[in-house]
Structure formats: C-alpha cells, structure tokens
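**Student:** This is protein34.cif (mmCIF, C-alpha atoms).
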data_structure
loop_
_atom_site.label_atom_id
_atom_site.label_comp_id
_atom_site.auth_asym_id
_atom_site.auth_seq_id
_atom_site.Cartn_x
_atom_site.Cartn_y
_atom_site.Cartn_z
CA MET A 1 -47.28 -62.59 -6.40
CA ALA A 2 -48.49 -59.48 -8.19
CA MET A 3 -48.81 -57.60 -4.84
CA THR A 4 -45.40 -58.82 -3.81
CA CYS A 5 -43.99 -57.60 -7.09
CA MET A 6 -45.64 -54.24 -6.56
CA VAL A 7 -44.28 -54.03 -3.01
CA MET A 8 -40.91 -55.16 -4.13
CA GLY A 9 -41.09 -52.68 -6.96
CA HIS A 10 -42.09 -49.96 -4.52
CA VAL A 11 -39.23 -50.85 -2.19
CA TYR A 12 -36.87 -50.85 -5.13
CA VAL A 13 -37.99 -47.40 -6.27
CA TYR A 14 -37.74 -46.02 -2.72
CA SER A 15 -34.24 -47.43 -2.28
CA GLN A 16 -33.20 -46.00 -5.62
CA THR A 17 -34.49 -42.54 -4.62
CA VAL A 18 -32.65 -42.59 -1.31
CA GLY A 19 -29.50 -43.80 -3.01
CA GLN A 20 -29.71 -41.07 -5.61
CA GLY A 21 -30.17 -38.47 -2.88
CA LEU A 22 -27.05 -39.69 -1.11
CA VAL A 23 -25.10 -39.54 -4.36
CA ASP A 24 -26.28 -35.96 -5.03
CA SER A 25 -25.31 -34.92 -1.48
CA LEU A 26 -21.87 -36.43 -1.88
CA LYS A 27 -21.46 -34.61 -5.19
CA ARG A 28 -22.38 -31.30 -3.59
CA VAL A 29 -19.94 -31.87 -0.72
CA THR A 30 -17.21 -32.86 -3.17
CA MET A 31 -17.86 -29.76 -5.31
CA THR A 32 -17.71 -27.54 -2.21
CA LEU A 33 -14.44 -29.10 -1.07
CA ASN A 34 -12.95 -28.76 -4.56
CA ALA A 35 -14.00 -25.12 -4.73
CA ALA A 36 -12.39 -24.48 -1.34
CA LYS A 37 -9.21 -26.16 -2.52
CA LYS A 38 -9.15 -23.98 -5.64
CA ASP A 39 -9.36 -20.90 -3.40
CA GLU A 40 -6.38 -22.09 -1.38
CA GLY A 41 -2.77 -21.43 -2.34
CA TRP A 42 -1.19 -18.36 -3.92
CA THR A 43 -2.97 -15.56 -5.78
CA VAL A 44 -0.75 -13.04 -7.57
CA SER A 45 -1.92 -9.78 -9.16
CA GLY A 46 -0.53 -6.39 -10.01
CA ILE A 47 -0.60 -3.25 -12.11
CA THR A 48 2.20 -1.32 -13.83
CA ASN A 49 1.49 2.21 -15.00
CA PHE A 50 3.61 4.71 -16.97
CA THR A 51 2.58 8.34 -17.26
CA PHE A 52 4.22 10.85 -19.60
CA SER A 53 3.38 14.50 -20.10
CA GLN A 54 5.08 17.20 -22.17
CA VAL A 55 4.57 20.92 -22.79
CA GLY A 56 6.53 22.61 -25.59
CA LEU A 57 6.65 26.42 -25.96
CA LEU A 58 8.37 28.49 -28.63
CA ASN A 59 7.90 32.26 -28.86
CA TRP A 60 4.79 31.88 -26.70
CA THR A 61 3.81 35.40 -25.69
CA ALA A 62 1.39 34.20 -23.01
CA GLY A 63 4.40 33.00 -21.02
CA GLY A 64 5.19 29.74 -19.32
CA ASN A 65 7.91 27.11 -19.49
CA SER A 66 8.37 23.95 -21.47
CA SER A 67 8.21 20.87 -19.28
CA ILE A 68 8.54 17.10 -19.34
CA SER A 69 7.22 14.72 -16.68
CA ILE A 70 7.67 10.95 -16.44
CA ILE A 71 6.15 8.83 -13.67
CA ALA A 72 6.28 5.04 -13.24
CA LEU A 73 4.13 3.26 -10.65
CA GLY A 74 3.82 -0.42 -9.87
CA MET A 75 1.57 -2.12 -7.31
CA TYR A 76 1.79 -5.88 -6.81
CA LYS A 77 0.07 -8.38 -4.51
CA ALA A 78 0.90 -11.95 -3.56
CA ASN A 79 -1.65 -13.51 -1.19
CA TYR A 80 -1.64 -16.99 0.30
CA ILE A 81 -4.48 -18.82 2.02
CA ARG A 82 -4.58 -22.30 3.55
CA GLU A 83 -7.38 -23.44 5.85
CA ASN A 84 -7.43 -20.90 8.71
CA TYR A 85 -4.18 -19.17 7.77
CA THR A 86 -3.64 -16.15 5.50
CA TRP A 87 -0.53 -14.33 4.37
CA ASN A 88 -0.98 -11.13 2.33
CA ASN A 89 1.95 -9.28 0.73
CA TYR A 90 1.89 -5.89 -0.98
CA LEU A 91 4.73 -4.13 -2.85
CA GLU A 92 4.50 -0.60 -4.24
CA LEU A 93 7.25 0.99 -6.33
CA GLY A 94 7.08 4.53 -7.66
CA TYR A 95 9.53 6.89 -9.34
CA GLY A 96 9.06 10.16 -11.19
CA LEU A 97 11.18 12.82 -12.91
CA THR A 98 10.23 16.34 -13.96
CA LYS A 99 12.08 18.87 -16.12
CA ILE A 100 10.89 22.50 -16.25
CA GLY A 101 12.50 24.91 -18.68
CA ASP A 102 16.28 24.66 -18.82
CA VAL A 103 16.56 23.12 -15.36
CA GLU A 104 17.86 19.55 -15.21
CA PHE A 105 15.54 16.64 -14.43
CA ARG A 106 14.52 16.57 -10.79
CA LYS A 107 12.83 13.88 -8.76
CA SER A 108 9.08 14.24 -8.27
CA ASP A 109 8.24 10.82 -6.80
CA ASP A 110 10.26 8.10 -5.12
CA ARG A 111 8.82 5.32 -2.98
CA ILE A 112 9.41 1.74 -1.91
CA ILE A 113 6.60 0.32 0.24
CA PHE A 114 6.39 -3.30 1.35
CA VAL A 115 3.58 -4.53 3.60
CA SER A 116 3.29 -8.13 4.81
CA GLN A 117 0.47 -9.34 7.04
CA ALA A 118 -0.07 -12.86 8.39
CA GLY A 119 -3.28 -13.90 10.10
CA ILE A 120 -5.00 -16.77 11.90
CA THR A 121 -8.79 -16.93 11.79
CA ALA A 122 -10.42 -16.05 15.11
CA GLY A 123 -14.02 -15.73 13.93
CA GLN A 124 -16.13 -14.99 10.90
CA MET A 125 -14.85 -11.41 10.62
CA MET A 126 -11.73 -11.44 12.83
CA ASN A 127 -8.12 -12.58 12.60
CA HIS A 128 -5.17 -12.67 14.97
CA SER A 129 -2.70 -10.68 12.90
CA LEU A 130 0.99 -9.78 12.60
CA LEU A 131 1.86 -6.79 10.39
CA VAL A 132 5.25 -5.74 9.00
CA ASP A 133 5.42 -2.41 7.14
CA PHE A 134 8.65 -1.15 5.56
CA ARG A 135 9.10 2.14 3.65
CA THR A 136 12.04 3.93 2.07
CA GLN A 137 13.15 5.43 -1.25
CA CYS A 138 15.61 4.74 -4.08
CA THR A 139 17.68 7.86 -4.76
CA GLU A 140 18.82 11.12 -3.18
CA GLY A 141 16.43 13.93 -2.36
CA ARG A 142 17.55 17.57 -2.46
CA ASN A 143 16.24 20.83 -1.05
CA TYR A 144 16.13 22.92 -4.22
CA GLY A 145 14.93 25.90 -2.20
CA GLY A 146 18.08 25.83 -0.10
CA VAL A 147 21.49 27.41 -0.63
CA PHE A 148 23.49 25.98 -3.52
CA ASP A 149 26.83 24.52 -2.40
CA SER A 150 29.49 25.52 -4.91
CA VAL A 151 31.99 23.06 -3.42
CA SER A 152 29.85 19.93 -3.86
CA GLY A 153 28.03 21.44 -6.84
CA ASN A 154 24.62 20.56 -5.50
CA PHE A 155 21.76 21.61 -3.25
CA PRO A 156 21.51 20.42 0.39
CA LEU A 157 20.85 16.69 0.83
CA THR A 158 17.54 15.88 2.53
CA SER A 159 17.18 12.11 2.06
CA THR A 160 18.55 9.05 0.32
CA PHE A 161 18.15 5.27 0.24
CA LEU A 162 17.54 3.99 3.81
CA ALA A 163 17.69 7.57 5.07
CA PRO A 164 15.03 7.61 6.14
CA ALA A 165 13.52 4.15 6.31
CA PHE A 166 10.57 3.32 8.54
CA LEU A 167 9.95 -0.19 9.86
CA THR A 168 6.71 -0.91 11.71
CA THR A 169 5.96 -4.26 13.36
CA ALA A 170 2.51 -4.67 14.90
CA LEU A 171 0.69 -7.49 16.70
CA GLY A 172 -3.06 -7.31 17.20
CA MET A 173 -6.54 -8.13 15.95
CA GLU A 174 -7.77 -7.56 12.41
CA ILE A 175 -11.47 -6.87 11.81
CA LYS A 176 -12.93 -7.37 8.32
CA PRO A 177 -16.54 -6.12 8.21
CA THR A 178 -16.53 -6.41 4.39
CA SER A 179 -14.29 -8.03 1.81
CA SER A 180 -12.96 -4.60 0.78
CA LEU A 181 -12.29 -3.13 4.25
CA SER A 182 -9.92 -4.31 6.96
CA ILE A 183 -9.03 -2.61 10.24
CA LEU A 184 -6.07 -3.72 12.34
CA ILE A 185 -5.98 -2.73 16.01
CA ALA A 186 -2.52 -3.46 17.40
CA PRO A 187 -1.91 -2.55 21.07
CA LEU A 188 1.70 -3.75 20.79
CA THR A 189 3.65 -2.01 18.01
CA GLY A 190 7.27 -1.10 17.40
CA ARG A 191 8.19 1.73 15.01
CA THR A 192 11.83 2.05 13.97
CA THR A 193 13.32 5.04 12.15
CA ILE A 194 16.52 4.32 10.22
CA VAL A 195 18.91 7.01 8.93
CA ALA A 196 21.76 5.08 7.28
CA ASN A 197 23.58 8.17 6.02
CA ARG A 198 26.42 9.72 8.03
CA LEU A 199 25.74 13.32 7.03
CA LEU A 200 22.03 13.13 7.86
CA SER A 201 22.53 11.14 11.08
CA GLU A 202 25.08 13.70 12.32
CA GLN A 203 22.47 16.39 11.70
CA GLY A 204 19.92 14.45 13.76
CA ALA A 205 17.58 14.26 10.77
CA PHE A 206 14.19 12.56 11.13
CA ASN A 207 14.37 12.78 14.93
CA VAL A 208 17.22 10.31 15.43
CA THR A 209 19.83 11.15 18.05
CA LYS A 210 22.75 12.99 16.44
CA GLY A 211 25.39 10.52 15.33
CA HIS A 212 23.01 7.54 15.62
CA THR A 213 21.31 5.67 12.79
CA ILE A 214 18.34 4.01 14.55
CA LYS A 215 15.61 5.19 16.88
CA VAL A 216 12.85 2.90 18.19
CA PHE A 217 9.45 3.79 19.61
CA LEU A 218 6.96 1.44 21.28
CA GLY A 219 3.27 2.20 21.04
CA ALA A 220 -0.11 1.24 19.59
CA LEU A 221 -1.24 1.23 15.97
CA ILE A 222 -4.48 1.44 14.01
CA ASN A 223 -4.17 0.40 10.37
CA ALA A 224 -7.17 0.71 8.03
CA HIS A 225 -7.15 -0.46 4.42
CA PHE A 226 -9.88 -0.07 1.80
CA ASN A 227 -9.67 -1.39 -1.76
CA ASP A 228 -12.73 -1.66 -4.00
CA GLN A 229 -14.40 -0.49 -7.19
CA ILE A 230 -16.42 2.56 -6.14
CA PHE A 231 -17.85 3.26 -9.61
CA GLU A 232 -17.74 1.43 -12.92
CA ASN A 233 -14.07 1.21 -13.98
CA VAL A 234 -13.05 3.38 -10.99
CA THR A 235 -11.05 1.78 -8.15
CA LEU A 236 -10.06 3.36 -4.83
CA ASN A 237 -7.09 2.07 -2.85
CA SER A 238 -6.74 3.81 0.53
CA ARG A 239 -4.51 2.94 3.47
CA MET A 240 -4.17 4.85 6.77
CA ASN A 241 -1.70 4.26 9.61
CA VAL A 242 -2.05 6.00 12.96
CA PHE A 243 0.77 5.26 15.42
CA SER A 244 0.64 6.51 19.03
CA PRO A 245 3.85 6.06 21.08
CA PHE A 246 3.55 5.09 24.73
CA SER A 247 5.97 7.86 25.74
CA SER A 248 3.73 10.60 24.30
CA PRO A 249 0.34 9.20 23.21
CA ASP A 250 -0.97 12.58 22.02
CA LEU A 251 1.89 13.05 19.51
CA MET A 252 0.68 10.59 16.89
CA VAL A 253 2.29 9.73 13.56
CA VAL A 254 -0.26 9.72 10.74
CA ASN A 255 0.36 8.29 7.27
CA TRP A 256 -2.52 8.31 4.76
CA GLU A 257 -2.18 7.15 1.14
CA ASN A 258 -4.91 7.30 -1.51
CA LEU A 259 -4.89 6.20 -5.12
CA ILE A 260 -7.81 6.42 -7.54
CA SER A 261 -7.42 4.48 -10.79
CA MET A 262 -9.85 5.10 -13.66
CA LYS A 263 -9.78 2.69 -16.58
CA VAL A 264 -10.21 4.30 -20.02
CA ASN A 265 -9.65 1.12 -22.04
CA SER A 266 -7.54 -2.03 -21.82
CA PHE A 267 -4.25 -0.10 -21.67
CA MET A 268 -5.01 3.54 -20.89
CA LYS A 269 -5.63 4.62 -17.29
CA VAL A 270 -6.10 7.86 -15.39
CA THR A 271 -4.54 7.89 -11.91
CA VAL A 272 -4.98 10.41 -9.11
CA SER A 273 -3.02 10.07 -5.86
CA LEU A 274 -2.97 12.01 -2.61
CA ASP A 275 -0.55 11.22 0.22
CA ALA A 276 -0.46 12.90 3.62
CA PHE A 277 2.14 12.41 6.36
CA TYR A 278 2.55 14.03 9.78
CA ASP A 279 5.10 13.42 12.51
CA HIS A 280 5.41 15.98 15.29
CA ARG A 281 9.04 14.95 15.86
CA ILE A 282 10.22 15.79 12.32
CA ASN A 283 11.10 19.42 11.70
CA ILE A 284 10.25 20.92 8.32
CA ASN A 285 11.59 24.08 6.66
CA ARG A 286 8.28 25.85 6.26
CA LYS A 287 7.47 28.32 3.48
CA ASP A 288 7.26 31.19 5.97
CA GLY A 289 10.91 30.65 6.93
CA THR A 290 10.24 28.96 10.26
CA ILE A 291 11.29 25.44 11.21
CA GLY A 292 9.00 22.95 12.95
CA PRO A 293 6.53 20.10 12.49
CA SER A 294 4.16 20.37 9.56
CA THR A 295 1.85 18.21 7.46
CA GLN A 296 3.54 16.82 4.36
CA LEU A 297 1.33 16.52 1.26
CA LYS A 298 1.92 15.07 -2.17
CA ASN A 299 -0.53 14.66 -5.04
CA THR A 300 -0.17 13.47 -8.62
CA PHE A 301 -2.44 13.28 -11.63
CA GLY A 302 -1.64 11.41 -14.78
CA LEU A 303 -2.94 9.78 -17.93
CA GLY A 304 -0.79 6.93 -19.01
CA PHE A 305 -0.45 3.36 -20.13
CA GLY A 306 -0.85 0.49 -17.73
CA TYR A 307 -0.83 -3.27 -17.67
CA THR A 308 -2.87 -5.30 -15.20
CA PHE A 309 -2.51 -9.03 -14.46
#
Rewrite the structure of this file - the entire thing - as structure tokens.

**Tutor:**
Amino acid sequence: MAMTCMVMGHVYVYSQTVGQGLVDSLKRVTMTLNAAKKDEGWTVSGITNFTFSQVGLLNWTAGGNSSISIIALGMYKANYIRENYTWNNYLELGYGLTKIGDVEFRKSDDRIIFVSQAGITAGQMMNHSLLVDFRTQCTEGRNYGGVFDSVSGNFPLTSTFLAPAFLTTALGMEIKPTSSLSILIAPLTGRTTIVANRLLSEQGAFNVTKGHTIKVFLGALINAHFNDQIFENVTLNSRMNVFSPFSSPDLMVVNWENLISMKVNSFMKVTVSLDAFYDHRININRKDGTIGPSTQLKNTFGLGFGYTF
C-alpha cells in the first residue's frame, strides 16, 4: 500500500507538472495573441510647430533691415494595421510669411502634401503596395523679381491653389529592410499635373498644353522613405521620389524632402528643412536671365514651439 501510495503520489505529481506546463503555454499564447491585437487597429500621431523670428533696427549704422518671419508646420500620421493588411496615411501642412523692411508680408512657405499607402504582406520584409501622393499649395505665388503690373497692382502670378497640383498613383512592391526605412519600386505609375487656373493654363505653365488643365504621364517610380532618431532628441524624416516616364526615361522628375527636428525641451524645437525638386519639362526664369529647366531648392531654419502627440 505504501509503494502504491508512492507510485500514485509520483503519478499525481507528474500529472500536475504536465498540467501546469500546458497552462503556462496557453498563457503565453494568449499573451502573444493579446499583444498582437493591441498592435492592430489605428495609430494616430503628429507634430505641430510654430516658428517666429524678428529683427528690429533703429538708427543702426551697420546697416540692414528690420524683418519678421512666421512659419507654421504640421505633420500628422494615421496608420492602420489588421492581420496582413496595412494602410499608412501622412499629411503635411506648411505655411510661412516674411516681412523685410517696409515691404508687405510675402509668402515664404506653402505646402499641402498627402500620402496614402496600402499594403498586403508578401513576406517578412516585403509588401504588395499601392501609393497615392498628392501635392499642392494654399495661396497665390508671385514672381517678385518680375515686372510690376500697374493695372492689376501686383507682380506676375506664378502659382495658386491646384495650379500646380501633382497626383501620383503607383502600384508595385515595397521593401522594408528596417523599421525606419521603406523602399517602393513601382513599375506601373501615373503622374498627373493639374493647372486649374485659366491664366496659367493659357500660358502652358508647368508643361501642360496651352489651354489645357491636365497632363498625364505613365512611367516607373522609386519612392524611398526614412524616419528615425539619428541622435538623442534628433529625428530625421527624409522622403525621395524619382519618376521616370516611359516616353523619355532619361528625363526623370526628382523630388527630395528632408526635415531634421531637434528637441530642446517638451515644447521648444529646432527644425531644419531642405527640399529639392527637378523636372526637365518645367522652365524656370534663371538668375542669369535665361529660361530653362533648373533645380529648385528651398531650405528653412527655425527655433519655435511645438506640440507632439
């Protein structure tokens, strides 16, 4: 009886150990599934930054001009994930005004950028992807180096809302070697230029046919996006688009945007941006007096107040 009790006791202990192991395994599986569920759904984040600078001069013999500069920048993300599907949305809004001396306020920055990308998992680091990229501006742009029109009381018009606007739709494969870097290779891409202003369309601005408002190109696209903290409290957000039309593959359209954000404290931030754009089909009034394609550059530097959520 004693041996039987020992055996029965041994069997009981063994069964209890196996049972406990199964319970622990189920707990781990349940925790993993719950964690995966928490990662699914919507994730919303963004940053709003205001930069103000002012220079005041009175009887300043060293020379110079008083100036005021105001820049507002907002970048917002809304990303959705469910099982093997992802949908990432990005909205960037920027507007700036500058006043130098007695001259009225003039626009220094104006952008509306919306990027939406949907993907289906095709491997550990690859997604079948559809990209929609839309860009335009809010208000009129003027050529302040041009001839002043006394009739209209203004300088020549160069751009306005939806003139131009650029719509890019691309279908391809996205490669994500790291969590901070993604590269989209889209062999089938449509790039549409919109000039919804009669005066500019009649001039054939932005390479549209004179009198028309839309021009479409088919081609291939490479889109690379990097967003990560490169140093402590320093974040780099860089996006590059290279579009090559089928009709003239060597005449590529390049759009490269870079923003470095340096956090001083909870509310103060230093931002440095550099944007580059080149399109061989768009003629620019160059500084040397000639007209033709040229690289367009824009950079800003500011210390301002920002809010991140």

**Student:** For the file shown, report as a PyMOL selection string the outcome of the PyMOL selection byres ((chain A and resi 175) around 8) at residue level.

**Tutor:** chain A and resi 125-127+173-174+176-177+182-184

**Student:** Quick one: which residues end up in the PyMOL selection byres ((chain A and resi 101) around 8) for this structure, as a list in words?

**Tutor:**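 Evaluating the PyMOL selection byres ((chain A and resi 101) around 8) on this file yields Asn65, Ser66, Ser67, Lys99, Ile100, Asp102 and Val103 of chain A.
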
**Student:** Identify, on the basis of only C-alpha atoms, every residue whose closest approach to A:Leu131 does not exceed 12 Å; exclude the query and any residue fewer than 4 positions from it along the same chain; express the result as a ChimeraX atom specification.

**Tutor:** /A:86-90,114-119,127,167-174,183-186,188-191,221-224,241

**Student:** Save the residues we just selected, C-alpha atoms, as a short mmCIF file (atom, residue, chain, number, x, y, z; two decimals), in the coordinates of the input?

**Tutor:**
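The resulting file, result_28.cif, is shown below:
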data_model
loop_
_atom_site.label_atom_id
_atom_site.label_comp_id
_atom_site.auth_asym_id
_atom_site.auth_seq_id
_atom_site.Cartn_x
_atom_site.Cartn_y
_atom_site.Cartn_z
CA THR A 86 -3.64 -16.15 5.50
CA TRP A 87 -0.53 -14.33 4.37
CA ASN A 88 -0.98 -11.13 2.33
CA ASN A 89 1.95 -9.28 0.73
CA TYR A 90 1.89 -5.89 -0.98
CA PHE A 114 6.39 -3.30 1.35
CA VAL A 115 3.58 -4.53 3.60
CA SER A 116 3.29 -8.13 4.81
CA GLN A 117 0.47 -9.34 7.04
CA ALA A 118 -0.07 -12.86 8.39
CA GLY A 119 -3.28 -13.90 10.10
CA ASN A 127 -8.12 -12.58 12.60
CA LEU A 167 9.95 -0.19 9.86
CA THR A 168 6.71 -0.91 11.71
CA THR A 169 5.96 -4.26 13.36
CA ALA A 170 2.51 -4.67 14.90
CA LEU A 171 0.69 -7.49 16.70
CA GLY A 172 -3.06 -7.31 17.20
CA MET A 173 -6.54 -8.13 15.95
CA GLU A 174 -7.77 -7.56 12.41
CA ILE A 183 -9.03 -2.61 10.24
CA LEU A 184 -6.07 -3.72 12.34
CA ILE A 185 -5.98 -2.73 16.01
CA ALA A 186 -2.52 -3.46 17.40
CA LEU A 188 1.70 -3.75 20.79
CA THR A 189 3.65 -2.01 18.01
CA GLY A 190 7.27 -1.10 17.40
CA ARG A 191 8.19 1.73 15.01
CA LEU A 221 -1.24 1.23 15.97
CA ILE A 222 -4.48 1.44 14.01
CA ASN A 223 -4.17 0.40 10.37
CA ALA A 224 -7.17 0.71 8.03
CA ASN A 241 -1.70 4.26 9.61
#

**Student:** Spell out the residues picked by the PyMOL selection byres ((chain A and resi 251-267) around 8) here, as a tab-separated table (two decimals) with C-alpha atoms, in the coordinates of the input.

**Tutor:**
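Saved the output as expr-v4.tsv:
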chain	number	residue	atom	x	y	z
A	233	ASN	CA	-14.07	1.21	-13.98
A	234	VAL	CA	-13.05	3.38	-10.99
A	235	THR	CA	-11.05	1.78	-8.15
A	236	LEU	CA	-10.06	3.36	-4.83
A	237	ASN	CA	-7.09	2.07	-2.85
A	238	SER	CA	-6.74	3.81	0.53
A	239	ARG	CA	-4.51	2.94	3.47
A	240	MET	CA	-4.17	4.85	6.77
A	241	ASN	CA	-1.70	4.26	9.61
A	242	VAL	CA	-2.05	6.00	12.96
A	243	PHE	CA	0.77	5.26	15.42
A	244	SER	CA	0.64	6.51	19.03
A	245	PRO	CA	3.85	6.06	21.08
A	248	SER	CA	3.73	10.60	24.30
A	249	PRO	CA	0.34	9.20	23.21
A	250	ASP	CA	-0.97	12.58	22.02
A	268	MET	CA	-5.01	3.54	-20.89
A	269	LYS	CA	-5.63	4.62	-17.29
A	270	VAL	CA	-6.10	7.86	-15.39
A	271	THR	CA	-4.54	7.89	-11.91
A	272	VAL	CA	-4.98	10.41	-9.11
A	273	SER	CA	-3.02	10.07	-5.86
A	274	LEU	CA	-2.97	12.01	-2.61
A	275	ASP	CA	-0.55	11.22	0.22
A	276	ALA	CA	-0.46	12.90	3.62
A	277	PHE	CA	2.14	12.41	6.36
A	278	TYR	CA	2.55	14.03	9.78
A	279	ASP	CA	5.10	13.42	12.51
A	280	HIS	CA	5.41	15.98	15.29
A	305	PHE	CA	-0.45	3.36	-20.13
A	306	GLY	CA	-0.85	0.49	-17.73
A	307	TYR	CA	-0.83	-3.27	-17.67

**Student:** If I take atom CA of A:Phe217 and atom CA of A:Ser201, how far is one from the other in Å, to one decimal?

**Tutor:**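 Result for atom CA of A:Phe217 versus atom CA of A:Ser201: 17.3 Å, one decimal.
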
**Student:** Give me the residues near A:Asn143 as JSON, numbers by chain, where near means some atom within 9 Å (using all atoms listed in the file) and where sequence neighbours in that chain fewer than 6 positions away do not count.

**Tutor:** {"A": [155, 156, 157, 158]}

**Student:** Kindly indicate which residue among A:Phe206, A:Phe166, A:Phe301, A:Phe309 lies nearest to A:Ser69, using all atoms listed in the file for the distances.

**Tutor:** A:Phe301

**Student:** Rank A:Gly74, A:Ser53, A:Arg82, A:Leu297 by their smallest atom-to-atom distance to A:Gly41, using only C-alpha atoms, and report the top residue only.

**Tutor:**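 Among A:Gly74, A:Ser53, A:Arg82, A:Leu297, it is A:Arg82 that comes nearest to A:Gly41.
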
**Student:** I'd like the neighbourhood of stretch 138-140 of chain A as a list of chain:residue names, where a residue qualifies if any of its atoms comes within 6 Å (using only C-alpha atoms), though same-chain residues fewer than 6 positions away should be ignored.

**Tutor:**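 Returned residues: A:Ser159, A:Thr160, A:Phe161.
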